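Participant: Pasting my_file-v8.cif below, which is mmCIF, C-alpha atoms.
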data_model
#
loop_
_atom_site.label_atom_id
_atom_site.label_comp_id
_atom_site.auth_asym_id
_atom_site.auth_seq_id
_atom_site.Cartn_x
_atom_site.Cartn_y
_atom_site.Cartn_z
CA ALA A 27 0.00 0.00 0.00
CA GLN A 28 1.19 3.51 -0.66
CA SER A 29 1.81 5.98 2.13
CA VAL A 30 3.03 9.48 2.85
CA ALA A 31 4.83 10.69 5.96
CA GLN A 32 5.07 14.28 7.06
CA PRO A 33 7.34 13.95 10.07
CA GLU A 34 6.69 17.42 11.49
CA ASP A 35 3.25 18.33 12.80
CA GLN A 36 4.35 21.94 13.22
CA VAL A 37 6.99 24.11 11.58
CA ASN A 38 7.75 27.63 12.75
CA VAL A 39 9.85 30.03 10.72
CA ALA A 40 10.54 33.76 10.86
CA GLU A 41 9.25 35.95 8.06
CA GLY A 42 11.88 36.40 5.37
CA ASN A 43 13.66 33.15 6.24
CA PRO A 44 13.64 30.11 3.97
CA LEU A 45 11.14 27.40 4.82
CA THR A 46 11.08 23.65 4.29
CA VAL A 47 8.18 21.29 4.88
CA LYS A 48 9.25 17.66 4.74
CA CYS A 49 7.56 14.77 3.00
CA THR A 50 8.59 11.19 2.35
CA TYR A 51 6.57 8.63 0.45
CA SER A 52 6.26 4.93 -0.23
CA VAL A 53 4.67 3.60 -3.41
CA SER A 54 5.27 0.81 -5.88
CA GLY A 55 6.05 1.95 -9.38
CA ASN A 56 6.35 5.56 -10.44
CA PRO A 57 5.25 8.10 -7.85
CA TYR A 58 3.12 11.07 -8.75
CA LEU A 59 3.52 13.63 -5.98
CA PHE A 60 1.44 16.65 -5.04
CA TRP A 61 1.46 19.48 -2.51
CA TYR A 62 -1.70 21.18 -1.34
CA VAL A 63 -2.29 24.00 1.13
CA GLN A 64 -5.35 24.44 3.34
CA TYR A 65 -6.27 27.75 4.95
CA PRO A 66 -8.71 27.77 7.89
CA ASN A 67 -12.26 26.90 6.87
CA ARG A 68 -11.22 26.54 3.25
CA GLY A 69 -10.72 23.71 0.81
CA LEU A 70 -7.37 22.44 -0.35
CA GLN A 71 -5.52 24.54 -2.89
CA PHE A 72 -3.15 22.91 -5.34
CA LEU A 73 0.44 24.17 -5.14
CA LEU A 74 2.50 21.93 -7.39
CA LYS A 75 3.08 18.40 -8.60
CA TYR A 76 5.85 16.12 -9.79
CA ILE A 77 5.08 13.74 -12.61
CA THR A 78 8.38 13.19 -14.41
CA GLY A 79 11.39 15.10 -15.63
CA ASP A 80 13.18 17.86 -13.73
CA ASN A 81 13.50 17.00 -10.06
CA LEU A 82 12.91 20.63 -9.05
CA VAL A 83 9.29 21.59 -9.51
CA LYS A 84 8.11 25.18 -9.30
CA GLY A 85 4.58 25.99 -8.22
CA SER A 86 2.22 28.70 -7.07
CA TYR A 87 3.05 31.56 -4.68
CA GLY A 88 6.82 31.08 -5.00
CA PHE A 89 6.83 27.52 -3.67
CA GLU A 90 8.99 24.78 -5.11
CA ALA A 91 9.63 21.16 -4.28
CA GLU A 92 12.51 18.81 -4.89
CA PHE A 93 11.92 15.20 -5.85
CA ASN A 94 14.60 12.84 -4.56
CA LYS A 95 14.08 9.28 -5.74
CA SER A 96 16.86 7.70 -3.68
CA GLN A 97 15.56 9.25 -0.47
CA THR A 98 11.90 8.89 -1.52
CA SER A 99 11.33 12.49 -0.52
CA PHE A 100 9.47 15.46 -1.93
CA HIS A 101 10.18 18.40 0.37
CA LEU A 102 8.38 21.70 -0.12
CA LYS A 103 10.50 24.84 -0.04
CA LYS A 104 10.28 28.59 -0.33
CA PRO A 105 13.27 30.94 -0.28
CA SER A 106 11.60 33.69 1.75
CA ALA A 107 8.56 33.00 3.93
CA LEU A 108 5.61 35.37 4.29
CA VAL A 109 3.22 35.63 7.22
CA SER A 110 0.45 34.87 4.73
CA ASP A 111 2.06 31.46 4.07
CA SER A 112 0.86 30.32 7.51
CA ALA A 113 -1.47 27.40 6.80
CA LEU A 114 -1.77 23.61 6.84
CA TYR A 115 0.27 21.87 4.15
CA PHE A 116 -0.44 18.41 2.78
CA CYS A 117 1.78 16.17 0.72
CA ALA A 118 0.05 13.48 -1.36
CA VAL A 119 1.09 10.58 -3.57
CA ARG A 120 -0.64 8.67 -6.28
CA GLY A 121 0.64 5.55 -7.97
CA GLY A 122 0.81 1.86 -7.29
CA SER A 123 -1.96 -0.48 -8.35
CA GLY A 124 -5.62 -1.20 -7.72
CA SER A 125 -7.33 0.93 -5.12
CA ALA A 126 -3.91 2.17 -4.06
CA ARG A 127 -3.90 4.25 -7.22
CA GLN A 128 -5.95 6.88 -5.46
CA LEU A 129 -4.53 10.02 -3.90
CA THR A 130 -3.10 9.28 -0.46
CA PHE A 131 -2.43 12.24 1.83
CA GLY A 132 0.02 12.77 4.64
CA SER A 133 -1.19 13.92 8.03
CA GLY A 134 -0.38 17.55 7.31
CA THR A 135 2.15 20.08 8.63
CA GLN A 136 1.01 23.30 10.24
CA LEU A 137 3.31 26.08 9.08
CA THR A 138 3.47 29.24 11.15
CA VAL A 139 5.43 32.19 9.84
CA LEU A 140 6.27 34.60 12.64
CA PRO A 141 6.46 38.34 11.89
CA ASP B 22 -11.52 29.80 -6.26
CA SER B 23 -11.02 26.30 -7.70
CA GLY B 24 -14.24 26.28 -9.73
CA VAL B 25 -15.60 23.33 -7.75
CA THR B 26 -18.74 24.15 -5.79
CA GLN B 27 -20.24 22.28 -2.87
CA THR B 28 -23.53 22.72 -1.06
CA PRO B 29 -24.44 23.13 1.68
CA LYS B 30 -21.51 24.72 3.48
CA HIS B 31 -22.67 23.51 6.86
CA LEU B 32 -25.05 20.78 7.89
CA ILE B 33 -26.19 19.96 11.40
CA THR B 34 -28.30 16.88 11.93
CA ALA B 35 -29.08 14.17 14.44
CA THR B 36 -27.92 10.58 14.76
CA GLY B 37 -29.85 8.16 12.60
CA GLN B 38 -30.69 10.75 9.98
CA ARG B 39 -29.83 10.85 6.29
CA VAL B 40 -28.23 13.75 4.42
CA THR B 41 -27.20 14.53 0.85
CA LEU B 42 -24.12 16.53 -0.07
CA ARG B 43 -23.89 18.04 -3.52
CA CYS B 44 -20.89 18.83 -5.71
CA SER B 45 -20.52 20.55 -9.07
CA PRO B 46 -17.17 19.94 -10.76
CA ARG B 47 -15.11 22.46 -12.69
CA SER B 48 -16.35 23.09 -16.19
CA GLY B 49 -14.97 20.39 -18.47
CA ASP B 50 -13.91 18.00 -15.71
CA LEU B 51 -15.28 14.49 -16.08
CA SER B 52 -14.04 12.93 -12.86
CA VAL B 53 -15.32 13.61 -9.36
CA TYR B 54 -13.80 12.43 -6.09
CA TRP B 55 -15.14 12.51 -2.54
CA TYR B 56 -12.96 12.78 0.55
CA GLN B 57 -13.60 12.88 4.27
CA GLN B 58 -11.42 14.98 6.58
CA SER B 59 -11.56 14.31 10.30
CA LEU B 60 -9.19 15.02 13.17
CA ASP B 61 -8.53 11.38 13.96
CA GLN B 62 -8.37 9.94 10.44
CA GLY B 63 -7.02 12.83 8.41
CA LEU B 64 -7.94 13.10 4.74
CA GLN B 65 -9.41 9.86 3.42
CA PHE B 66 -10.45 9.04 -0.11
CA LEU B 67 -14.03 7.77 -0.30
CA ILE B 68 -15.04 7.24 -3.91
CA GLN B 69 -14.38 8.35 -7.49
CA TYR B 70 -16.71 8.73 -10.46
CA TYR B 71 -15.80 9.23 -14.07
CA ASN B 72 -18.39 10.41 -16.56
CA GLY B 73 -21.25 8.95 -14.57
CA GLU B 74 -19.67 5.62 -13.65
CA GLU B 75 -18.01 4.54 -10.45
CA ARG B 76 -14.26 4.30 -11.04
CA ALA B 77 -12.77 3.49 -7.63
CA LYS B 78 -13.76 2.98 -4.03
CA GLY B 79 -11.76 3.80 -0.97
CA ASN B 80 -12.66 3.75 2.71
CA ILE B 81 -16.35 4.35 2.15
CA LEU B 82 -18.80 2.89 4.62
CA GLU B 83 -21.75 0.83 3.41
CA ARG B 84 -24.06 3.49 4.90
CA PHE B 85 -22.61 5.96 2.40
CA SER B 86 -23.33 6.04 -1.30
CA ALA B 87 -22.71 8.39 -4.17
CA GLN B 88 -23.62 8.97 -7.77
CA GLN B 89 -22.67 11.21 -10.66
CA PHE B 90 -25.43 12.52 -12.85
CA PRO B 91 -25.50 13.13 -16.64
CA ASP B 92 -24.74 16.81 -16.09
CA LEU B 93 -21.66 15.58 -14.14
CA HIS B 94 -22.65 16.93 -10.76
CA SER B 95 -22.32 14.43 -7.95
CA GLU B 96 -24.12 13.70 -4.72
CA LEU B 97 -22.85 11.90 -1.63
CA ASN B 98 -25.57 10.32 0.48
CA LEU B 99 -24.87 9.56 4.13
CA SER B 100 -27.45 7.52 6.02
CA SER B 101 -27.99 6.18 9.55
CA LEU B 102 -25.64 8.90 10.70
CA GLU B 103 -23.46 8.37 13.74
CA LEU B 104 -21.56 10.86 15.88
CA GLY B 105 -18.33 9.68 14.29
CA ASP B 106 -19.50 10.77 10.86
CA SER B 107 -19.03 14.39 11.88
CA ALA B 108 -16.32 15.66 9.55
CA LEU B 109 -15.50 17.92 6.65
CA TYR B 110 -16.47 16.34 3.34
CA PHE B 111 -14.63 17.50 0.24
CA CYS B 112 -15.39 17.01 -3.37
CA ALA B 113 -12.62 17.32 -5.96
CA SER B 114 -12.66 17.14 -9.73
CA SER B 115 -10.14 16.49 -12.47
CA VAL B 116 -10.20 16.45 -16.22
CA GLN B 117 -10.00 12.72 -16.86
CA GLY B 118 -9.18 10.87 -13.65
CA HIS B 119 -5.70 9.86 -14.74
CA LEU B 120 -3.02 9.28 -12.12
CA THR B 121 -1.22 12.45 -13.17
CA ASP B 122 -4.30 14.69 -13.19
CA THR B 123 -4.43 17.53 -10.71
CA GLN B 124 -7.45 17.27 -8.47
CA TYR B 125 -9.10 20.60 -7.66
CA PHE B 126 -10.96 20.74 -4.38
CA GLY B 127 -14.17 22.43 -3.42
CA PRO B 128 -14.62 24.41 -0.19
CA GLY B 129 -16.14 21.43 1.61
CA THR B 130 -19.30 20.67 3.58
CA ARG B 131 -18.93 20.60 7.34
CA LEU B 132 -21.23 17.92 8.76
CA THR B 133 -22.05 17.93 12.44
CA VAL B 134 -24.00 14.97 13.82
CA LEU B 135 -25.53 15.60 17.26
#
Mind turning the file's structure into structure tokens?

Facilitator:
Amino acid sequence: AQSVAQPEDQVNVAEGNPLTVKCTYSVSGNPYLFWYVQYPNRGLQFLLKYITGDNLVKGSYGFEAEFNKSQTSFHLKKPSALVSDSALYFCAVRGGSGSARQLTFGSGTQLTVLP
Amino acid sequence: DSGVTQTPKHLITATGQRVTLRCSPRSGDLSVYWYQQSLDQGLQFLIQYYNGEERAKGNILERFSAQQFPDLHSELNLSSLELGDSALYFCASSVQGHLTDTQYFGPGTRLTVL
């Protein structure tokens, strides 16, 4: 079965500093990886995805993520954090076979950017 | 705004009751997905439809059912409700339902079972 781990429930970073939200995955076959962000009382917003090709994926709002096959990781990064980036971030994977081919989400990481 | 709409926004009901959640996908999207988000279980995939037909099932209880209509909107029916069914229910849509498709999420329906 496929799975996603977000090892940090909470990440705090000062405004203007770089941020990283970690994600590791487990899936058979090729992984298709996604990052979503959820603001309070809102739905999930798509940030970026990795399908194939360049390991560095650029997405919305200045976010990027690096796919590392050997470490089975897909960490989300941003060079300079904004207070408005404070939200709940979800990593998700799709791949494998059968019912496991559906989108599987991590438990989420609450990012707080301190002014 | 993702283009996916869900109604109602909030629903409060009692145990044993039945409710229907409605979802309209983005224009042009053929595939609809339903998810449940709760504090203890996180975000769980329930069911997927593609162009009116069931495509995949996840952790959906037998008390729950869904369908996708010819105009591509979808409804999720929850019956014999229990306290533990209280959660945020999301609908998402994608163009085809392929593994690589981006799923766009609606704002969700918050269900409270008293």

Participant: The PyMOL selection byres ((chain B) within 8 of (chain A)) - which residues does that actually catch in the file I just gave you? List them as a ChimeraX atom specification.

Facilitator: /B:23,63-66,77-79,111,120-121,123-129

Participant: Need the neighbours of (2.3, 6.6, 1.5): which residues are at most 7 Å away, counting all atoms listed in the file, as a list in words?

Facilitator: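 Protein, DNA and RNA residues close to (2.3, 6.6, 1.5): Gln28, Ser29, Val30, Ala31, Tyr51, Ser52, Val53, Val119 and Thr130 of chain A.
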
Participant: Kindly give the distance, in Å, that separates CA of Gly118 in chain B and CA of Arg47 in chain B, rounded to a single decimal.

Facilitator: 13.1 Å

Participant: As a check of understanding, name the residues that the PyMOL selection byres ((chain B and resi 50-60) around 9) selects in the supplied structure, as a PyMOL selection string.

Facilitator: chain B and resi 44-49+61-73+76+87+89+93-95+97+106-118+124+126

Participant: Taking all atoms listed in the file into account, name the residue in A:Leu140, A:Ala118, A:Val63, A:Leu82 that is nearest to Lys95 in chain A.

Facilitator: A:Leu82

Participant: To one decimal in Å, tell me the separation between CA of Thr133 in chain B and CA of Gly24 in chain B.

Facilitator: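 Value for the CA of Thr133 in chain B-CA of Gly24 in chain B distance: 24.9 Å.
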
Participant: What's the separation between CA of Ser100 in chain B and CA of Val25 in chain B, in Å to one decimal place?

Facilitator: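 CA of Val25 in chain B lies at a distance of 24.1 Å from CA of Ser100 in chain B.
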
Participant: On this file, the PyMOL selection byres ((chain A and resi 100) around 8) gives some set of residues; write that set as a ChimeraX atom specification.

Facilitator: /A:48-51,59,91-94,98-99,101-102

Participant: Smallest atom-to-atom distance to Pro141 in chain A: which of A:Asp80, A:Glu90, A:Asp111, A:Glu41, using all atoms listed in the file?

Facilitator: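 Nearest to Pro141 in chain A: A:Glu41.
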
Participant: Determine the nearest neighbour of Val139 in chain A from the options A:Val37, A:Gln32, A:Ala27, A:Lys103, counting only C-alpha atoms.

Facilitator: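 Closest to Val139 in chain A of all the choices is A:Val37.
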
Participant: Given the choices B:Glu75, B:Arg39, B:Pro29, B:Asp122, which gets closest to Gln88 in chain B if the distance is worked out from all atoms listed in the file?

Facilitator: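 Nearest to Gln88 in chain B: B:Glu75.
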
Participant: Counting only C-alpha atoms, write as an NGL selection string all protein and nucleic acid residues lying at most 6 Å from (8.9, 18.4, 10.0) in the file's frame.

Facilitator: :A and (33-34 or 47-48)
